[in-house]
Amino acid sequence: MYLCAQFSKDMQNDNKTIIEINNVSKFFGDKTALDHINLSIRKGEFVTILGPSGCGKTTLLRLIAGFQTASEGNICISGKEITQTPPHRRPVNTVFQKYALFPHLNVYDNIAFGLKLKKMPKQDMTRKVKAALKMVGMTDYEYRDVDSLSGGQQQRVAIARAIVNEPEVLLLDEPLAALDLKMRKDMQMELKEMHKRLGITFVYVTHDQEEALTLSDTIVVMSEGKIQQIGTPTDIYNEPINAFVADFIGESNILNGTMVKDKLVRFCGQEFECVDEGFGENAPVDVVIRPEDLYIFPVSDRAQLRGVVQSCIFKGVHYEMAVMCADYEIIVQDYHAFEVGSEVGLLVKPFDIHIMKKERTCNVFEGKVKDATHVEFLGCEFECAPIPSEKIPENGQPVRIEVDFDKVILQDDAEDGMLTGEVKFILYKGNHYHLTVLSDWDENVFVDTNDVWDDSDRVGITIRPQDIRVIV
Amino acid sequence: MQTYLWVLLLLLYAPIAIIIIYSFTESKVLGNWTGFSLKLYGSLLNTNAHHSLMNACINTVAIAVIAATVSTLLGSIAAIGIFNLKARNRKAMGFVNTIPILNGDIITGISLFLLFVSLGITQGFTTVVLAHITFCTPYVVLSVLPRLKQMNPNLYEAALDLGATPMQALWKVIIPEIRPGMISGFILALTISIDDFAVTVFTIGNQGLETLSTYIYADARKGGLTPELRPLSAIIFIVILVTLIVLNLRTDKKKQLQSQKTK
C-alpha cells in the first residue's frame with residue numbers, strides 16, 4: 001500500500017519519456033548483436049521486447065540494466081545519460097529468468113538486500129519488505145529458506161526484491177520462461193495487475209508472442225539485432241510491417257504477389273480487391289492473410305480460390321486445414337471441419353488482405369571486378385559471364401552484384417559450395433520456402449527453394465556464372 | 001561381498017590399529033607387548049623429556065595453519081579471477097593450475113631449494129611456509145572453482161542491480177556462495193601441509209628447525225623409532241577422526257533442518 005501511494009503521485013507525469021535509446025549498437029568481436037537501435041519508452045508503459053532467441057533482445061535489456069555497455073550510441077533514463085554508468089548507480093532493477101535469489105539468505109534478507117545497502121532504518125525496512133511481500137502475495141514467507149520455495153514462489157520473491165527498491169523502471173528478462181504453462185498464465189495476470197498498481201515502467205523481454213500480446217501496452221519486435229516494428233499489440237497483429245513480423249506474431253499465409261494497381265493485387269494466379277494503395281503499378285509485394293480471415297465453404301460461385309483439402313487438424317476451438325489451391329498451400333482456420341480430399345472454395349475480404357512492400361526483390365552485394373570473367377563478393381571470387389572490357393571499372397572501384405533468390409544453389413555438404421553459411425530464418429510462402437542464410441562473412445544471402453531445410457543447418461552456397469549480374 | 005568389505009577395511013586400518021594398541025605398552029620395540037601402561041602418554045606430555053618432539057609438533061601445526069590460511073586466500077581470489085576469464089583462457093589457466101599438483105613433490109622441493117639458494121635467502125621457518133603456500137594454493141583453486149561453476153551466473157549481477165558496489169557484491173554474495181569450497185580447500189591444504197616431507201626437507205635449511213615429518217625421518221635413521229611417537233600418532237589420528245565425525249554430523253543436522261523446513 002505504501003508503494004502504491006508513492007507512485008500514484010508520479011502517475012500524473014504520464015506520457016513523459018523515461019528511457020531514450022539513441023543509435024545504440026553492440027558488437028561482440030565481429031558479431032553485431034545490436035544494430036543502431038532507436039527506442040523511446042514512456043513513463044508507466046508496459047513495453048515488451050519480443051523476438052526469437054539470438055535476436056539481441058536480452059542484450060538490449062542488459063545495456064539498460066548496465067551489465068554490458070553499448071559499443072556505440074547512448075542511453076538516457078529520466079533525462080540523465082547513463083550509457084557508461086555502472087549498474088549499481090542506475091534507477092532500474094532487474095528480475096532474472098532464473099530468479100537469481102541469494103541462496104544463503106532467507107526470503108526477508110533477500111528482499112531487504114537493496115534496502116540494507118542504502119542503510120535504511122530497521123523499522124522502515126521491515127515495513128517495506130512486508131508491503132512488497134504482500135504485493136506479490138507471499139505474506140508470512142519472510143523467514144523461509146529460498147531453496148524451500150517452488151519456482152513460482154521464488155519468482156515472486158525475486159519480483160518483490162526488485163520492486164521494494166522503488167525503481168523508476170523494472171526490467172524483466174523472460175521471468176516466466178522457467179515456469180509451467182498453468183503457473184505462467186496466472187503470473188501473467190498478476191504481473192499485469194501489479195503493473196497497474198505500481199504505475200512504474202516495465203520493460204519485459206520474451207520470445208513468447210502470446211505473452212507479449214497479453215501483457216503489453218507496446219510491443220517491440222526484434223530480429224537479428226534490429227527493431228522490426230514498434231506498436232500496440234493490435235497494430236502488430238493486424239498490420240505487421242513485414243513478412244518476418246507477420247510470421248512471428250500469430251500464424252499467417254505469406255505469399256508473393258504483384259500490386260497490379262491501387263487497390264488491386266494479384267496472387268495465386270487470381271486478382272483480388274484490397275484496400276492498400278500507393279505501391280505503384282506492377283510492384284512485387286508480400287501478401288499476408290491470417291488463417292482465421294479466410295472463409296472456407298463447399299465450392300460455389302462466391303469462391304475466389306478453389307482447392308482441395310490436404311489435411312485437417314482439430315486444434316481445440318477450431319480446425320486447421322491446409323488447402324491446395326493450384327500450386328499454393330494455404331492454411332485456413334474454421335469452426336467447421338472439411339474432409340481431406342474434398343473440394344472447397346475460399347474467400348477473403350479486401351481489408352483482411354495485408355500488403356507489404358518487399359524489402360528486396362533479389363540479392364544485392366557489393367563486389368569488385370577481378371578480370372573480364374571473375375568478380376569478388378561475399379568474401380569469395382566467382383566466375384561470371386564475360387564483362388565487356390569498356391565496362392570494367394578502373395582501380396578496382398566497387399560494383400553492384402545482383403543474384404535472383406531462386407538462382408542461389410544450396411548444398412547439403414558444406415564442402416561442395418563456393419562458400420558456406422547457416423540457415424537463419426525460414427519463411428513458407430505457399431509454394432516455396434524463402435530462406436535467409438548467413439554466410440560465414442556475416443552477410444545475408446536470400447534463397448528461394450523447394451527443398452526443405454532446417455533452422456541452423458550448415459549449407460554450401462553455389463552461384464552459377466550466368467546467374468551473376470554485374471551492374472556498373 | 002560382505003566379507004570382502006571387512007577384509008579390505010581390516011587391511012586399511014591394521015597399521016593404525018597396531019600403532020594405537022602398542023601405544024599402551026612400555027616396550028621400546030614395536031611388536032613386543034609388555035603389559036598395559038600409560039607411561040608413554042605421560043612422558044610425551046612431559047615436555048622436558050621430549051622437548052624436540054613437541055617442538056617439531058608445534059612447528060608443524062604453525063606452518064600448516066599459516067600456509068593453509070594464506071593459500072585459501074590466494075587460491076580463492078585466483079579461482080574467482082580464473083572463473084571470470086574467457087572460456088579459452090579459463091581452460092588454459094585450469095591446466096596451468098593442475099601442473100603443480102601432478103608434478104612430483106621431489107621436483108617441487110628441489111626447484112624451490114634452488115630458487116631460495118639462488119636468491120640468497122636463508123632457509124628456515126619462512127621458506128618452509130612459502131614453499132607450503134606454493135603447493136597448497138592449486139588445491140584451494142581446485143576446490144573453489146566447482147562452487148563458482150555451480151553458482152547461478154546472475155547472482156553477481158543481481159547484487160550490482162540492487163545497488164551493491166563490485167566489492168560489496170564480492171563480500172555479500174560471492175564469498176558466502178563459495179565458502180564451503182573455501183573451507184574444504186583450507187582443510188585439504190592443512191592436511192597436505194602436515195603430511196608433507198619431500199618439499200619440507202629441501203626448504204627447511206640447517207638452522208635446527210624440525211617438523212614432525214623431518215623429525216620422524218631423522219629419528220628412524222638414528223636407529224629405531226622413539227617409543228613416544230606411538231602415542232603421538234594415536235592422538236593425531238583420534239583428533240582427525242573426531243573432527244571428521246563432528247563435521248559429518250553437522251552437515252547431517254543441516255540437511256535435516258532444511259528438509260523439516262520444506263515440510
# chains A, B, ... in the order shown; residues from 1 in each chain; ligands from 1
call {"tool": "residues_around", "arguments": {"residues": "Glu394 of chain A", "least_positions_apart": "2", "cutoff": "12 Å", "atoms": "only C-alpha atoms", "output": "list in words"}}
result
Lys368, Val369, Lys370, Asp371, Ser389, Glu390, Lys391, Ile392, Gly396, Gln397, Pro398, Val399 and Val472 of chain A
call {"tool": "residues_around", "arguments": {"residues": "Pro15 of chain B", "least_positions_apart": "6", "cutoff": "12 Å", "atoms": "only C-alpha atoms", "output": "list in words"}}
result
Leu9, Ile21, Tyr22, Leu30, Gly31, Arg230, Ser233, Ala234 and Phe237 of chain B
call {"tool": "atom_distance", "arguments": {"atom1": "atom CA of Phe314 of chain A", "atom2": "atom CA of Tyr335 of chain A"}}
result
9.3 Å
call {"tool": "interface_residues", "arguments": {"of": "chain B", "to": "chain A", "cutoff": "12 Å", "atoms": "only C-alpha atoms", "output": "ChimeraX atom specification"}}
result
/B:150-169,172-180,255,257-263
call {"tool": "residues_around", "arguments": {"residues": "segment 372-380 of chain A", "least_positions_apart": "5", "cutoff": "8 Å", "atoms": "only C-alpha atoms", "output": "mmCIF file with N, CA and C atoms, in the first residue's frame"}}
result
data_model
loop_
_atom_site.group_PDB
_atom_site.id
_atom_site.type_symbol
_atom_site.label_atom_id
_atom_site.label_comp_id
_atom_site.auth_asym_id
_atom_site.auth_seq_id
_atom_site.Cartn_x
_atom_site.Cartn_y
_atom_site.Cartn_z
ATOM 1 N N PHE A 365 24.756 -7.426 -53.666
ATOM 2 C CA PHE A 365 26.022 -7.415 -52.933
ATOM 3 C C PHE A 365 26.926 -6.344 -53.499
ATOM 4 N N GLU A 366 27.855 -5.911 -52.670
ATOM 5 C CA GLU A 366 28.899 -5.024 -53.184
ATOM 6 C C GLU A 366 30.081 -5.900 -53.553
ATOM 7 N N GLY A 367 30.651 -5.686 -54.737
ATOM 8 C CA GLY A 367 31.757 -6.538 -55.172
ATOM 9 C C GLY A 367 32.793 -5.783 -55.954
ATOM 10 N N ALA A 385 29.728 -14.341 -66.220
ATOM 11 C CA ALA A 385 29.667 -14.182 -67.673
ATOM 12 C C ALA A 385 30.637 -13.066 -68.065
ATOM 13 N N PRO A 386 31.273 -13.160 -69.257
ATOM 14 C CA PRO A 386 32.270 -12.139 -69.636
ATOM 15 C C PRO A 386 31.697 -10.728 -69.556
ATOM 16 N N ILE A 387 32.497 -9.826 -69.002
ATOM 17 C CA ILE A 387 32.074 -8.430 -68.880
ATOM 18 C C ILE A 387 32.771 -7.659 -69.993
ATOM 19 N N PRO A 388 32.022 -6.886 -70.764
ATOM 20 C CA PRO A 388 32.676 -6.094 -71.830
ATOM 21 C C PRO A 388 33.769 -5.215 -71.225
ATOM 22 N N SER A 389 34.920 -5.142 -71.926
ATOM 23 C CA SER A 389 36.089 -4.507 -71.318
ATOM 24 C C SER A 389 35.855 -3.037 -70.983
ATOM 25 N N ILE A 392 34.490 -2.520 -67.402
ATOM 26 C CA ILE A 392 35.262 -2.842 -66.198
ATOM 27 C C ILE A 392 35.769 -1.552 -65.567
ATOM 28 N N ILE A 401 26.413 -6.185 -57.464
ATOM 29 C CA ILE A 401 26.201 -7.537 -57.981
ATOM 30 C C ILE A 401 24.782 -7.955 -57.614
ATOM 31 N N MET A 418 30.814 -22.935 -52.908
ATOM 32 C CA MET A 418 31.916 -21.989 -53.065
ATOM 33 C C MET A 418 32.182 -21.319 -51.715
ATOM 34 N N LEU A 419 31.085 -21.123 -50.965
ATOM 35 C CA LEU A 419 31.241 -20.630 -49.602
ATOM 36 C C LEU A 419 30.190 -21.327 -48.744
ATOM 37 N N SER A 439 26.007 -15.994 -44.382
ATOM 38 C CA SER A 439 27.275 -16.535 -44.873
ATOM 39 C C SER A 439 28.336 -16.362 -43.796
ATOM 40 N N TRP A 441 30.859 -14.808 -43.891
ATOM 41 C CA TRP A 441 31.409 -13.450 -43.875
ATOM 42 C C TRP A 441 30.389 -12.470 -43.349
ATOM 43 N N GLU A 443 27.289 -11.856 -44.102
ATOM 44 C CA GLU A 443 26.344 -11.192 -44.985
ATOM 45 C C GLU A 443 25.193 -12.141 -45.227
#
call {"tool": "select_by_dssp", "arguments": {"residues": "segment 13-242 of chain B", "states": "alpha helix (DSSP H)", "output": "VMD selection string"}}
result
chain B and resid 13 to 22 39 to 45 51 to 83 87 to 102 105 to 119 125 to 150 155 to 161 166 to 169 175 to 195 198 to 203 212 to 223 229 to 242
call {"tool": "residues_around", "arguments": {"residues": "Leu190 of chain B", "least_positions_apart": "2", "cutoff": "7 Å", "atoms": "only C-alpha atoms", "output": "number ranges by chain"}}
result
B: 64-65, 68, 186-188, 192-194
call {"tool": "write_last_selection", "arguments": {"atoms": "N, CA and C atoms", "output": "PDB file, in the first residue's frame"}}
result
ATOM      1  N   ALA B  64      51.388 -25.357   9.100  1.00  0.00           N
ATOM      2  CA  ALA B  64      50.185 -25.784   8.386  1.00  0.00           C
ATOM      3  C   ALA B  64      49.098 -24.717   8.457  1.00  0.00           C
ATOM      4  N   VAL B  65      48.882 -24.140   9.659  1.00  0.00           N
ATOM      5  CA  VAL B  65      47.808 -23.145   9.805  1.00  0.00           C
ATOM      6  C   VAL B  65      48.111 -21.894   8.976  1.00  0.00           C
ATOM      7  N   ALA B  68      47.933 -22.816   5.187  1.00  0.00           N
ATOM      8  CA  ALA B  68      46.562 -23.093   4.733  1.00  0.00           C
ATOM      9  C   ALA B  68      45.755 -21.801   4.662  1.00  0.00           C
ATOM     10  N   PHE B 186      40.670 -25.229   2.601  1.00  0.00           N
ATOM     11  CA  PHE B 186      41.509 -24.970   3.774  1.00  0.00           C
ATOM     12  C   PHE B 186      41.891 -26.278   4.464  1.00  0.00           C
ATOM     13  N   ILE B 187      40.901 -27.161   4.657  1.00  0.00           N
ATOM     14  CA  ILE B 187      41.180 -28.437   5.335  1.00  0.00           C
ATOM     15  C   ILE B 187      42.140 -29.289   4.509  1.00  0.00           C
ATOM     16  N   LEU B 188      41.919 -29.274   3.196  1.00  0.00           N
ATOM     17  CA  LEU B 188      42.802 -30.015   2.290  1.00  0.00           C
ATOM     18  C   LEU B 188      44.231 -29.492   2.416  1.00  0.00           C
ATOM     19  N   ILE B 192      47.533 -31.562   3.713  1.00  0.00           N
ATOM     20  CA  ILE B 192      48.666 -31.745   2.803  1.00  0.00           C
ATOM     21  C   ILE B 192      49.929 -31.163   3.422  1.00  0.00           C
ATOM     22  N   SER B 193      49.762 -30.007   4.063  1.00  0.00           N
ATOM     23  CA  SER B 193      50.917 -29.345   4.675  1.00  0.00           C
ATOM     24  C   SER B 193      51.476 -30.188   5.828  1.00  0.00           C
ATOM     25  N   ILE B 194      50.599 -30.715   6.699  1.00  0.00           N
ATOM     26  CA  ILE B 194      51.058 -31.534   7.830  1.00  0.00           C
ATOM     27  C   ILE B 194      51.776 -32.782   7.323  1.00  0.00           C
TER      28      ILE B 194
END
call {"tool": "residues_around", "arguments": {"residues": "Pro350 of chain A", "least_positions_apart": "2", "cutoff": "10 Å", "atoms": "only C-alpha atoms", "output": "PyMOL selection string"}}
result
chain A and resi 263-265+272-276+347-348+352-354
call {"tool": "write_last_selection", "arguments": {"atoms": "N, CA and C atoms", "output": "compact mmCIF listing (two decimals), in the first residue's frame"}}
result
# COMPACT_ATOMS: atom_id res chain seq x y z
N LYS A 263 -5.34 -0.70 -54.96
CA LYS A 263 -6.48 -1.50 -54.52
C LYS A 263 -6.74 -2.75 -55.36
N LEU A 264 -5.77 -3.23 -56.07
CA LEU A 264 -5.91 -4.49 -56.80
C LEU A 264 -4.59 -5.26 -56.74
N VAL A 265 -4.67 -6.46 -56.18
CA VAL A 265 -3.44 -7.23 -56.01
C VAL A 265 -3.62 -8.60 -56.67
N PHE A 272 -7.30 -9.86 -56.72
CA PHE A 272 -8.14 -9.63 -55.54
C PHE A 272 -8.26 -8.14 -55.29
N GLU A 273 -9.43 -7.74 -54.86
CA GLU A 273 -9.58 -6.36 -54.41
C GLU A 273 -8.94 -6.23 -53.03
N CYS A 274 -8.31 -5.12 -52.78
CA CYS A 274 -7.78 -4.90 -51.44
C CYS A 274 -7.90 -3.43 -51.09
N VAL A 275 -7.39 -3.02 -49.93
CA VAL A 275 -7.60 -1.64 -49.51
C VAL A 275 -6.31 -0.82 -49.57
N ASP A 276 -5.21 -1.48 -49.92
CA ASP A 276 -3.92 -0.76 -49.90
C ASP A 276 -3.68 -0.03 -51.21
N LEU A 347 -12.59 -17.62 -49.63
CA LEU A 347 -12.91 -16.21 -49.88
C LEU A 347 -12.23 -15.37 -48.81
N VAL A 348 -11.74 -14.21 -49.20
CA VAL A 348 -11.12 -13.31 -48.23
C VAL A 348 -11.60 -11.89 -48.51
N ASP A 352 -8.94 -7.77 -45.16
CA ASP A 352 -8.16 -8.81 -44.49
C ASP A 352 -6.91 -9.20 -45.28
N ILE A 353 -6.78 -8.58 -46.45
CA ILE A 353 -5.56 -8.83 -47.23
C ILE A 353 -4.54 -7.75 -46.85
N HIS A 354 -3.42 -8.18 -46.26
CA HIS A 354 -2.39 -7.22 -45.85
C HIS A 354 -1.27 -7.23 -46.87
call {"tool": "closest_residue", "arguments": {"among": "B:Leu45, B:Leu247, B:Ile107, B:Leu38", "to": "Thr25 of chain B", "atoms": "only C-alpha atoms"}}
result
B:Leu38
call {"tool": "residues_around", "arguments": {"residues": "Gly307 of chain A", "least_positions_apart": "2", "cutoff": "10 Å", "atoms": "only C-alpha atoms", "output": "PyMOL selection string"}}
result
chain A and resi 299+303+305+309-310+322-330+341-346
call {"tool": "residues_around", "arguments": {"residues": "segment 127-131 of chain A", "least_positions_apart": "2", "cutoff": "8 Å", "atoms": "only C-alpha atoms", "output": "ChimeraX atom specification"}}
result
/A:1-3,108,111-112,123-125,133-135,139,160,164
call {"tool": "write_last_selection", "arguments": {"atoms": "C-alpha atoms", "output": "CSV table (one decimal), in the first residue's frame"}}
result
chain,number,residue,atom,x,y,z
A,1,MET,CA,0.0,0.0,0.0
A,2,TYR,CA,2.9,2.3,0.8
A,3,LEU,CA,4.3,1.6,-2.6
A,108,TYR,CA,13.4,-11.4,4.2
A,111,ILE,CA,14.2,-8.6,-0.2
A,112,ALA,CA,16.0,-6.4,2.2
A,123,GLN,CA,11.6,-0.2,11.1
A,124,ASP,CA,11.1,1.3,7.6
A,125,MET,CA,12.9,-1.6,6.2
A,133,LEU,CA,5.7,-9.4,0.1
A,134,LYS,CA,2.0,-8.5,0.3
A,135,MET,CA,2.2,-7.1,-3.2
A,139,THR,CA,2.8,-12.7,3.2
A,160,ALA,CA,9.4,-8.3,-4.5
A,164,VAL,CA,11.0,-2.9,-2.9
call {"tool": "select_by_dssp", "arguments": {"residues": "segment 56-190 of chain A", "states": "strand (DSSP E or B)", "output": "PyMOL selection string"}}
result
chain A and resi 72-77+80-81+92-95+106+145+169-173
call {"tool": "write_last_selection", "arguments": {"atoms": "N, CA and C atoms", "output": "short mmCIF file (atom, residue, chain, number, x, y, z; two decimals), in the first residue's frame"}}
result
data_model
loop_
_atom_site.label_atom_id
_atom_site.label_comp_id
_atom_site.auth_asym_id
_atom_site.auth_seq_id
_atom_site.Cartn_x
_atom_site.Cartn_y
_atom_site.Cartn_z
N GLU A 72 28.32 1.65 -29.29
CA GLU A 72 28.07 2.96 -29.92
C GLU A 72 26.74 3.49 -29.40
N GLY A 73 26.53 4.77 -29.54
CA GLY A 73 25.25 5.37 -29.18
C GLY A 73 25.14 5.66 -27.71
N ASN A 74 23.99 6.17 -27.27
CA ASN A 74 23.82 6.45 -25.86
C ASN A 74 22.43 6.12 -25.36
N ILE A 75 22.34 5.92 -24.05
CA ILE A 75 21.07 5.57 -23.40
C ILE A 75 20.80 6.59 -22.29
N CYS A 76 19.59 7.12 -22.24
CA CYS A 76 19.23 8.05 -21.17
C CYS A 76 18.06 7.48 -20.38
N ILE A 77 18.13 7.61 -19.06
CA ILE A 77 16.99 7.28 -18.22
C ILE A 77 16.62 8.53 -17.44
N LYS A 80 18.77 11.59 -17.80
CA LYS A 80 20.21 11.54 -17.47
C LYS A 80 20.90 10.52 -18.35
N GLU A 81 22.04 10.89 -18.90
CA GLU A 81 22.76 9.93 -19.73
C GLU A 81 23.42 8.90 -18.83
N VAL A 92 17.21 1.47 -11.99
CA VAL A 92 16.43 0.35 -12.52
C VAL A 92 16.71 -0.89 -11.68
N ASN A 93 15.77 -1.82 -11.67
CA ASN A 93 16.01 -3.12 -11.03
C ASN A 93 15.57 -4.22 -11.98
N THR A 94 16.20 -5.38 -11.82
CA THR A 94 16.00 -6.45 -12.79
C THR A 94 15.42 -7.69 -12.13
N VAL A 95 14.54 -8.36 -12.84
CA VAL A 95 14.06 -9.69 -12.44
C VAL A 95 14.64 -10.66 -13.47
N ASN A 106 17.63 -15.80 3.68
CA ASN A 106 16.22 -16.18 3.65
C ASN A 106 15.41 -15.14 2.88
N ASP A 145 13.57 -20.41 3.89
CA ASP A 145 14.75 -20.54 3.07
C ASP A 145 14.32 -20.44 1.61
N VAL A 169 12.27 2.06 -13.32
CA VAL A 169 11.98 1.10 -14.37
C VAL A 169 12.24 -0.30 -13.83
N LEU A 170 11.32 -1.22 -14.08
CA LEU A 170 11.54 -2.62 -13.72
C LEU A 170 11.85 -3.39 -15.00
N LEU A 171 13.01 -4.05 -15.02
CA LEU A 171 13.40 -4.83 -16.19
C LEU A 171 13.12 -6.30 -15.89
N LEU A 172 12.47 -6.98 -16.81
CA LEU A 172 12.15 -8.39 -16.60
C LEU A 172 12.68 -9.21 -17.77
N ASP A 173 13.61 -10.11 -17.48
CA ASP A 173 14.25 -10.90 -18.54
C ASP A 173 13.62 -12.29 -18.59
#
